[in-house]
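Below: target09.csv (CSV, C-alpha atoms)
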```csv
chain,number,residue,atom,x,y,z
A,11,MET,CA,4.6,14.1,18.1
A,12,ASN,CA,5.8,10.5,18.5
A,13,LYS,CA,3.2,8.0,19.7
A,14,ILE,CA,3.5,6.6,23.1
A,15,ARG,CA,4.5,2.9,22.8
A,16,LEU,CA,2.7,0.5,25.1
A,17,ALA,CA,3.1,-3.2,25.8
A,18,ILE,CA,0.7,-5.4,27.7
A,19,VAL,CA,1.3,-8.7,29.4
A,20,ASP,CA,-1.6,-10.9,30.6
A,21,ASP,CA,-2.2,-14.6,30.4
A,22,HIS,CA,-5.8,-14.0,29.3
A,23,ALA,CA,-6.2,-13.4,25.6
A,24,VAL,CA,-9.6,-11.7,26.2
A,25,VAL,CA,-8.0,-9.1,28.5
A,26,LEU,CA,-5.2,-8.5,26.1
A,27,ASP,CA,-7.5,-7.9,23.2
A,28,GLY,CA,-9.8,-5.7,25.2
A,29,LEU,CA,-7.0,-3.4,26.5
A,30,LYS,CA,-5.4,-3.3,23.1
A,31,THR,CA,-8.7,-2.3,21.4
A,32,MET,CA,-9.4,0.4,24.0
A,33,LEU,CA,-5.9,1.9,23.9
A,34,ASN,CA,-5.6,1.8,20.1
A,35,THR,CA,-8.6,4.2,20.0
A,36,PHE,CA,-6.2,7.0,21.1
A,37,ASP,CA,-4.4,8.6,18.2
A,38,ASN,CA,-1.3,9.2,20.4
A,39,LEU,CA,-0.9,5.6,21.6
A,40,GLU,CA,0.4,2.5,20.0
A,41,VAL,CA,0.3,-1.0,21.5
A,42,VAL,CA,3.5,-2.3,20.1
A,43,TYR,CA,3.2,-5.8,21.5
A,44,THR,CA,1.2,-8.0,23.8
A,45,THR,CA,2.4,-11.2,25.5
A,46,GLN,CA,0.7,-14.0,27.5
A,47,ASN,CA,3.6,-14.9,29.8
A,48,GLY,CA,6.5,-13.5,31.7
A,49,HIS,CA,9.3,-15.3,29.8
A,50,THR,CA,8.1,-13.9,26.5
A,51,LEU,CA,7.9,-10.5,28.1
A,52,LEU,CA,11.5,-10.6,29.4
A,53,ASN,CA,12.8,-11.8,26.0
A,54,GLN,CA,10.9,-9.1,24.2
A,55,PHE,CA,12.4,-6.5,26.6
A,56,GLN,CA,15.9,-7.5,25.2
A,57,SER,CA,15.0,-5.9,21.8
A,58,ASP,CA,12.0,-3.6,22.3
A,59,ILE,CA,11.4,-1.5,25.4
A,60,PRO,CA,8.0,0.2,25.5
A,61,ASP,CA,7.4,3.6,27.0
A,62,VAL,CA,4.6,2.2,29.2
A,63,LEU,CA,4.0,-1.4,30.4
A,64,LEU,CA,0.7,-2.7,31.7
A,65,MET,CA,1.2,-6.1,33.3
A,66,ASP,CA,-0.7,-8.7,35.2
A,67,ILE,CA,1.5,-9.6,38.2
A,68,GLN,CA,0.0,-13.1,38.5
A,69,MET,CA,1.6,-14.9,35.5
A,70,PRO,CA,1.5,-18.7,35.1
A,71,ASP,CA,5.1,-19.2,34.1
A,72,ILE,CA,7.1,-16.9,36.4
A,73,ASN,CA,6.2,-16.2,40.0
A,74,GLY,CA,4.5,-12.7,40.0
A,75,ILE,CA,6.9,-11.5,42.7
A,76,ASP,CA,10.0,-12.4,40.7
A,77,LEU,CA,8.6,-11.0,37.5
A,78,CYS,CA,7.6,-7.8,39.1
A,79,LYS,CA,11.1,-7.4,40.7
A,80,GLN,CA,12.9,-8.2,37.4
A,81,ILE,CA,10.8,-5.8,35.5
A,82,THR,CA,11.1,-3.0,38.1
A,83,LYS,CA,14.9,-3.4,38.1
A,84,GLN,CA,15.3,-3.1,34.4
A,85,ILE,CA,12.4,-1.1,33.1
A,86,PHE,CA,13.6,2.4,34.0
A,87,ARG,CA,17.2,1.4,33.5
A,88,SER,CA,16.3,0.3,30.0
A,89,GLY,CA,14.8,3.6,29.0
A,90,ALA,CA,11.1,3.0,29.8
A,91,LYS,CA,9.2,5.9,31.2
A,92,GLY,CA,6.2,4.3,32.9
A,93,TYR,CA,5.1,1.3,34.9
A,94,LEU,CA,1.5,0.3,35.7
A,95,LEU,CA,-0.3,-2.6,37.1
A,96,LYS,CA,-2.7,-4.1,34.5
A,97,ASN,CA,-5.8,-3.6,36.6
A,98,SER,CA,-5.3,0.2,36.8
A,99,ASP,CA,-8.5,2.1,35.9
A,100,LYS,CA,-8.9,4.1,32.7
A,101,GLN,CA,-8.1,7.4,34.4
A,102,THR,CA,-4.9,6.0,35.8
A,103,ILE,CA,-3.8,4.7,32.4
A,104,VAL,CA,-4.6,8.1,30.8
A,105,LYS,CA,-2.7,9.9,33.6
A,106,ALA,CA,0.3,7.7,33.1
A,107,VAL,CA,0.3,8.2,29.4
A,108,GLU,CA,-0.1,11.9,29.7
A,109,THR,CA,2.9,12.0,32.2
A,110,VAL,CA,5.0,10.0,29.8
A,111,MET,CA,4.0,12.3,26.9
A,112,GLN,CA,5.4,15.2,29.0
A,113,ASP,CA,8.7,13.3,29.0
A,114,GLU,CA,8.4,12.4,32.7
A,115,GLU,CA,8.5,9.1,34.4
A,116,TYR,CA,5.4,7.5,35.9
A,117,MET,CA,5.2,4.7,38.5
A,118,ASP,CA,2.0,3.3,39.9
A,119,ASP,CA,1.1,4.7,43.3
A,120,ALA,CA,0.8,1.3,44.8
A,121,ILE,CA,4.5,0.5,44.0
A,122,LYS,CA,5.6,4.0,45.2
A,123,ASN,CA,3.9,3.4,48.5
A,124,ILE,CA,5.5,0.0,49.1
A,125,LEU,CA,9.0,1.4,48.2
A,126,LEU,CA,8.4,4.4,50.5
A,127,GLN,CA,7.3,2.2,53.4
A,128,GLU,CA,10.4,0.0,52.9
A,129,SER,CA,12.7,3.0,53.1
A,130,ILE,CA,11.0,4.4,56.2
A,131,THR,CA,10.7,1.2,58.2
A,132,GLY,CA,13.7,-0.6,56.8
A,133,HIS,CA,11.6,-3.7,56.4
A,134,ARG,CA,11.6,-5.3,53.0
A,135,ARG,CA,8.1,-5.8,51.6
A,136,SER,CA,7.1,-7.7,48.5
A,137,LEU,CA,6.5,-5.6,45.4
A,138,PHE,CA,3.8,-8.2,44.8
A,139,GLU,CA,1.0,-6.2,46.5
A,140,VAL,CA,-2.5,-7.0,45.5
A,141,PRO,CA,-4.4,-3.9,44.6
A,142,LEU,CA,-7.8,-4.0,46.1
A,143,THR,CA,-10.9,-2.1,44.8
A,144,LYS,CA,-12.5,0.5,47.1
A,145,ARG,CA,-15.4,-1.8,47.8
A,146,GLU,CA,-13.0,-4.7,48.6
A,147,LYS,CA,-11.1,-2.5,51.1
A,148,GLU,CA,-14.4,-1.5,52.6
A,149,ILE,CA,-15.6,-5.1,53.0
A,150,LEU,CA,-12.2,-6.2,54.3
A,151,LYS,CA,-12.4,-3.6,57.1
A,152,LEU,CA,-15.9,-4.8,58.1
A,153,ILE,CA,-14.7,-8.4,58.0
A,154,ALA,CA,-11.9,-7.4,60.3
A,155,ASP,CA,-14.4,-5.7,62.6
A,156,GLY,CA,-16.1,-9.0,63.0
A,157,LEU,CA,-19.3,-8.5,60.9
A,158,SER,CA,-20.9,-11.4,59.2
A,159,ASN,CA,-21.6,-11.5,55.5
A,160,GLN,CA,-25.3,-10.6,56.1
A,161,GLU,CA,-24.4,-7.7,58.4
A,162,ILE,CA,-22.0,-6.4,55.8
A,163,ALA,CA,-24.7,-6.7,53.1
A,164,ASP,CA,-27.2,-4.8,55.3
A,165,LYS,CA,-24.7,-2.1,56.2
A,166,LEU,CA,-23.6,-1.5,52.6
A,167,PHE,CA,-27.0,-2.0,51.0
A,168,ILE,CA,-25.8,-4.7,48.7
A,169,SER,CA,-26.8,-8.3,48.3
A,170,LEU,CA,-25.5,-11.2,50.4
A,171,ARG,CA,-24.2,-12.8,47.1
A,172,THR,CA,-22.2,-9.6,46.3
A,173,VAL,CA,-20.5,-9.8,49.7
A,174,GLU,CA,-19.8,-13.4,49.3
A,175,THR,CA,-18.2,-12.7,45.9
A,176,HIS,CA,-16.1,-9.9,47.3
A,177,ARG,CA,-15.0,-12.2,50.1
A,178,LEU,CA,-14.0,-14.9,47.7
A,179,ASN,CA,-12.0,-12.4,45.6
A,180,LEU,CA,-10.3,-11.2,48.7
A,181,ASN,CA,-9.4,-14.7,49.7
A,182,GLN,CA,-8.0,-15.4,46.3
A,183,LYS,CA,-6.1,-12.1,46.0
A,184,LEU,CA,-4.5,-12.6,49.4
A,185,ASP,CA,-4.1,-16.4,48.9
A,186,VAL,CA,-5.9,-17.4,52.1
A,187,LYS,CA,-8.6,-19.9,52.9
A,188,ASN,CA,-10.6,-18.5,55.8
A,189,THR,CA,-11.5,-15.4,57.7
A,190,ALA,CA,-8.7,-15.7,60.3
A,191,GLY,CA,-6.1,-16.1,57.5
A,192,LEU,CA,-7.7,-13.1,55.6
A,193,VAL,CA,-7.5,-10.8,58.6
A,194,LYS,CA,-4.0,-12.0,59.5
A,195,GLU,CA,-2.6,-11.5,55.9
A,196,ALA,CA,-4.3,-8.2,55.5
A,197,MET,CA,-2.7,-6.9,58.7
A,198,LYS,CA,0.7,-8.3,57.6
A,199,ARG,CA,0.4,-6.4,54.3
A,200,GLY,CA,-0.7,-3.2,56.1
A,201,LEU,CA,-4.2,-3.2,54.4
A,202,ILE,CA,-5.9,-2.9,57.8
A,203,ASP,CA,-4.8,-1.8,61.3
```
Could you express the structure from this file as structure tokens?
Amino acid sequence: MNKIRLAIVDDHAVVLDGLKTMLNTFDNLEVVYTTQNGHTLLNQFQSDIPDVLLMDIQMPDINGIDLCKQITKQIFRSGAKGYLLKNSDKQTIVKAVETVMQDEEYMDDAIKNILLQESITGHRRSLFEVPLTKREKEILKLIADGLSNQEIADKLFISLRTVETHRLNLNQKLDVKNTAGLVKEAMKRGLID
């Protein structure tokens, strides 16, 4: 059986090395190349299309939205069989690889959901959707409900510092500066009602 060929793009060398090391432990997988920026990835695609691509959508050289759109347009057309966001968990990565091994295509559920919503509503949404962890979604909902950091910490039985860290991560992921902006952007993206 041929090995599944993977490529990884991330601007952090430590992440690249970690993912490559983890994935190369599987006999049926081969990381064929890694890149640290979008331009190199696009150039590499001209000559070497992987079966599965794991990518960071926040790249320094190409706007994540544009890179994501360019890759999505050409990846399946070019013969690739799978598309994942880099921060997918191990189970998702394995599921994608298994799907590709069965000669089927795999697209990340987050991307599928966005495309489905666009087709139903007719409103174009960015493919640059920030995947949130289960805990981040939970905290985001409580923030939207008007709870303070301390109230969230008490309700979830976690430390105040943990809540503050999650809130900071949410602000960064959604590119906002305050609670009002966070709630507004989350509603705009359909992350909360």
Select, from A:Asp185, A:Asp99, A:Glu146, A:Asp20, the residue with the minimum atom-to-atom distance to A:Pro70, counting all atoms listed in the file.
A:Asp20
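Shell of A:Thr143 at 12 Å, with all atoms listed in the file counted and residues fewer than 5 places along the chain excluded, is Asn97, Ser98, Asp99, Glu148, Ile149, Leu150, His176, Asn179, Leu180, Lys183 and Leu201 of chain A.
Computed from the coordinates, the atom CA of A:Asp113 to atom CA of A:Leu51 distance equals 23.8 Å.
The space separating atom CA of A:Gln182 from atom CA of A:Val25 comes to 18.9 Å.
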Residues within 12 Å of stretch 31-33 of chain A, only C-alpha atoms, excluding chain neighbours under 6 positions, as an mmCIF file with C-alpha atoms, in the coordinates of the input:
```cif
data_model
loop_
_atom_site.group_PDB
_atom_site.id
_atom_site.type_symbol
_atom_site.label_atom_id
_atom_site.label_comp_id
_atom_site.auth_asym_id
_atom_site.auth_seq_id
_atom_site.Cartn_x
_atom_site.Cartn_y
_atom_site.Cartn_z
ATOM 1 C CA LYS A 13 3.200 8.000 19.700
ATOM 2 C CA ILE A 14 3.500 6.600 23.100
ATOM 3 C CA ARG A 15 4.500 2.900 22.800
ATOM 4 C CA LEU A 16 2.700 0.500 25.100
ATOM 5 C CA ALA A 17 3.100 -3.200 25.800
ATOM 6 C CA ILE A 18 0.700 -5.400 27.700
ATOM 7 C CA VAL A 24 -9.600 -11.700 26.200
ATOM 8 C CA VAL A 25 -8.000 -9.100 28.500
ATOM 9 C CA LEU A 39 -0.900 5.600 21.600
ATOM 10 C CA GLU A 40 0.400 2.500 20.000
ATOM 11 C CA VAL A 41 0.300 -1.000 21.500
ATOM 12 C CA VAL A 42 3.500 -2.300 20.100
ATOM 13 C CA THR A 44 1.200 -8.000 23.800
ATOM 14 C CA VAL A 62 4.600 2.200 29.200
ATOM 15 C CA LEU A 64 0.700 -2.700 31.700
ATOM 16 C CA LYS A 100 -8.900 4.100 32.700
ATOM 17 C CA ILE A 103 -3.800 4.700 32.400
ATOM 18 C CA VAL A 104 -4.600 8.100 30.800
ATOM 19 C CA VAL A 107 0.300 8.200 29.400
#
```
Exercise: A:Ile202 partners within 8 Å, all atoms listed in the file, chain neighbours under 5 positions left out, as a list in words:
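Once the adjacent positions are removed, what remains is Leu150, Lys151, Ala154, Ala196 and Met197 of chain A.
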Record the distance separating atom CA of A:Leu63 and atom CA of A:Ile130, expressed in Å with one decimal.
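Atom-to-atom, atom CA of A:Leu63 and atom CA of A:Ile130 are spaced 27.4 Å apart.
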Which residue of A:Asp119, A:Asn12, A:Gln112, A:Glu161 approaches A:Asn38 most closely, using all atoms listed in the file
A:Asn12
Where atoms are absent from stretch 168-179 of chain A, fill them in so it carries all heavy atoms, then output it as a PDB file, in the frame of the given file.
```pdb
ATOM      1  N   ILE A 168     -26.052  -3.853  49.887  1.00  0.00           N
ATOM      2  CA  ILE A 168     -25.800  -4.700  48.700  1.00  0.00           C
ATOM      3  C   ILE A 168     -26.250  -6.117  49.053  1.00  0.00           C
ATOM      4  O   ILE A 168     -26.583  -6.415  50.208  1.00  0.00           O
ATOM      5  CB  ILE A 168     -24.241  -4.729  48.390  1.00  0.00           C
ATOM      6  CG1 ILE A 168     -23.394  -5.184  49.594  1.00  0.00           C
ATOM      7  CG2 ILE A 168     -23.784  -3.359  47.898  1.00  0.00           C
ATOM      8  CD1 ILE A 168     -21.904  -5.274  49.312  1.00  0.00           C
ATOM      9  N   SER A 169     -26.300  -6.965  48.055  1.00  0.00           N
ATOM     10  CA  SER A 169     -26.800  -8.300  48.300  1.00  0.00           C
ATOM     11  C   SER A 169     -25.798  -9.180  49.005  1.00  0.00           C
ATOM     12  O   SER A 169     -24.587  -8.942  48.948  1.00  0.00           O
ATOM     13  CB  SER A 169     -27.190  -8.965  46.940  1.00  0.00           C
ATOM     14  OG  SER A 169     -26.022  -9.325  46.234  1.00  0.00           O
ATOM     15  N   LEU A 170     -26.317 -10.209  49.661  1.00  0.00           N
ATOM     16  CA  LEU A 170     -25.500 -11.200  50.400  1.00  0.00           C
ATOM     17  C   LEU A 170     -24.521 -11.839  49.351  1.00  0.00           C
ATOM     18  O   LEU A 170     -23.341 -12.030  49.630  1.00  0.00           O
ATOM     19  CB  LEU A 170     -26.332 -12.222  51.051  1.00  0.00           C
ATOM     20  CG  LEU A 170     -25.593 -13.360  51.764  1.00  0.00           C
ATOM     21  CD1 LEU A 170     -24.685 -12.818  52.850  1.00  0.00           C
ATOM     22  CD2 LEU A 170     -26.592 -14.356  52.337  1.00  0.00           C
ATOM     23  N   ARG A 171     -25.030 -12.149  48.174  1.00  0.00           N
ATOM     24  CA  ARG A 171     -24.200 -12.800  47.100  1.00  0.00           C
ATOM     25  C   ARG A 171     -23.039 -11.895  46.726  1.00  0.00           C
ATOM     26  O   ARG A 171     -21.933 -12.375  46.484  1.00  0.00           O
ATOM     27  CB  ARG A 171     -25.067 -13.151  45.934  1.00  0.00           C
ATOM     28  CG  ARG A 171     -24.296 -13.904  44.887  1.00  0.00           C
ATOM     29  CD  ARG A 171     -25.227 -14.620  43.927  1.00  0.00           C
ATOM     30  NE  ARG A 171     -24.469 -15.353  42.930  1.00  0.00           N
ATOM     31  CZ  ARG A 171     -24.187 -16.633  43.018  1.00  0.00           C
ATOM     32  NH1 ARG A 171     -24.601 -17.329  44.040  1.00  0.00           N
ATOM     33  NH2 ARG A 171     -23.494 -17.232  42.065  1.00  0.00           N
ATOM     34  N   THR A 172     -23.274 -10.587  46.646  1.00  0.00           N
ATOM     35  CA  THR A 172     -22.200  -9.600  46.300  1.00  0.00           C
ATOM     36  C   THR A 172     -21.117  -9.665  47.361  1.00  0.00           C
ATOM     37  O   THR A 172     -19.920  -9.678  47.040  1.00  0.00           O
ATOM     38  CB  THR A 172     -22.772  -8.225  46.114  1.00  0.00           C
ATOM     39  OG1 THR A 172     -23.730  -8.251  45.060  1.00  0.00           O
ATOM     40  CG2 THR A 172     -21.685  -7.225  45.794  1.00  0.00           C
ATOM     41  N   VAL A 173     -21.527  -9.693  48.617  1.00  0.00           N
ATOM     42  CA  VAL A 173     -20.500  -9.800  49.700  1.00  0.00           C
ATOM     43  C   VAL A 173     -19.742 -11.044  49.615  1.00  0.00           C
ATOM     44  O   VAL A 173     -18.514 -11.037  49.742  1.00  0.00           O
ATOM     45  CB  VAL A 173     -21.234  -9.652  51.089  1.00  0.00           C
ATOM     46  CG1 VAL A 173     -20.215  -9.857  52.213  1.00  0.00           C
ATOM     47  CG2 VAL A 173     -21.930  -8.315  51.246  1.00  0.00           C
ATOM     48  N   GLU A 174     -20.436 -12.158  49.371  1.00  0.00           N
ATOM     49  CA  GLU A 174     -19.800 -13.400  49.300  1.00  0.00           C
ATOM     50  C   GLU A 174     -18.752 -13.454  48.115  1.00  0.00           C
ATOM     51  O   GLU A 174     -17.662 -14.003  48.230  1.00  0.00           O
ATOM     52  CB  GLU A 174     -20.786 -14.569  49.094  1.00  0.00           C
ATOM     53  CG  GLU A 174     -21.602 -14.799  50.357  1.00  0.00           C
ATOM     54  CD  GLU A 174     -22.814 -15.703  50.136  1.00  0.00           C
ATOM     55  OE1 GLU A 174     -23.171 -15.961  48.955  1.00  0.00           O
ATOM     56  OE2 GLU A 174     -23.412 -16.140  51.138  1.00  0.00           O
ATOM     57  N   THR A 175     -19.128 -12.830  47.000  1.00  0.00           N
ATOM     58  CA  THR A 175     -18.200 -12.700  45.900  1.00  0.00           C
ATOM     59  C   THR A 175     -16.993 -11.919  46.193  1.00  0.00           C
ATOM     60  O   THR A 175     -15.855 -12.303  45.878  1.00  0.00           O
ATOM     61  CB  THR A 175     -18.950 -12.132  44.632  1.00  0.00           C
ATOM     62  OG1 THR A 175     -20.055 -12.961  44.300  1.00  0.00           O
ATOM     63  CG2 THR A 175     -18.027 -12.011  43.436  1.00  0.00           C
ATOM     64  N   HIS A 176     -17.196 -10.773  46.858  1.00  0.00           N
ATOM     65  CA  HIS A 176     -16.100  -9.900  47.300  1.00  0.00           C
ATOM     66  C   HIS A 176     -15.153 -10.683  48.244  1.00  0.00           C
ATOM     67  O   HIS A 176     -13.925 -10.608  48.155  1.00  0.00           O
ATOM     68  CB  HIS A 176     -16.542  -8.627  47.896  1.00  0.00           C
ATOM     69  CG  HIS A 176     -16.989  -7.606  46.906  1.00  0.00           C
ATOM     70  ND1 HIS A 176     -16.172  -7.107  45.920  1.00  0.00           N
ATOM     71  CD2 HIS A 176     -18.182  -6.974  46.751  1.00  0.00           C
ATOM     72  CE1 HIS A 176     -16.830  -6.214  45.199  1.00  0.00           C
ATOM     73  NE2 HIS A 176     -18.059  -6.129  45.685  1.00  0.00           N
ATOM     74  N   ARG A 177     -15.762 -11.412  49.164  1.00  0.00           N
ATOM     75  CA  ARG A 177     -15.000 -12.200  50.100  1.00  0.00           C
ATOM     76  C   ARG A 177     -14.142 -13.247  49.437  1.00  0.00           C
ATOM     77  O   ARG A 177     -12.958 -13.432  49.736  1.00  0.00           O
ATOM     78  CB  ARG A 177     -15.890 -12.803  51.190  1.00  0.00           C
ATOM     79  CG  ARG A 177     -15.117 -13.498  52.307  1.00  0.00           C
ATOM     80  CD  ARG A 177     -16.047 -14.246  53.240  1.00  0.00           C
ATOM     81  NE  ARG A 177     -16.683 -13.399  54.214  1.00  0.00           N
ATOM     82  CZ  ARG A 177     -16.238 -13.257  55.477  1.00  0.00           C
ATOM     83  NH1 ARG A 177     -15.152 -13.873  55.872  1.00  0.00           N
ATOM     84  NH2 ARG A 177     -16.895 -12.493  56.317  1.00  0.00           N
ATOM     85  N   LEU A 178     -14.749 -13.934  48.477  1.00  0.00           N
ATOM     86  CA  LEU A 178     -14.000 -14.900  47.700  1.00  0.00           C
ATOM     87  C   LEU A 178     -12.861 -14.306  46.941  1.00  0.00           C
ATOM     88  O   LEU A 178     -11.740 -14.828  46.929  1.00  0.00           O
ATOM     89  CB  LEU A 178     -14.981 -15.631  46.723  1.00  0.00           C
ATOM     90  CG  LEU A 178     -14.366 -16.700  45.822  1.00  0.00           C
ATOM     91  CD1 LEU A 178     -13.842 -17.872  46.649  1.00  0.00           C
ATOM     92  CD2 LEU A 178     -15.394 -17.197  44.811  1.00  0.00           C
ATOM     93  N   ASN A 179     -13.111 -13.138  46.324  1.00  0.00           N
ATOM     94  CA  ASN A 179     -12.000 -12.400  45.600  1.00  0.00           C
ATOM     95  C   ASN A 179     -10.911 -12.022  46.542  1.00  0.00           C
ATOM     96  O   ASN A 179      -9.734 -12.121  46.191  1.00  0.00           O
ATOM     97  CB  ASN A 179     -12.609 -11.182  44.901  1.00  0.00           C
ATOM     98  CG  ASN A 179     -13.485 -11.536  43.723  1.00  0.00           C
ATOM     99  OD1 ASN A 179     -13.415 -12.640  43.191  1.00  0.00           O
ATOM    100  ND2 ASN A 179     -14.331 -10.613  43.320  1.00  0.00           N
TER     101      ASN A 179
END
```
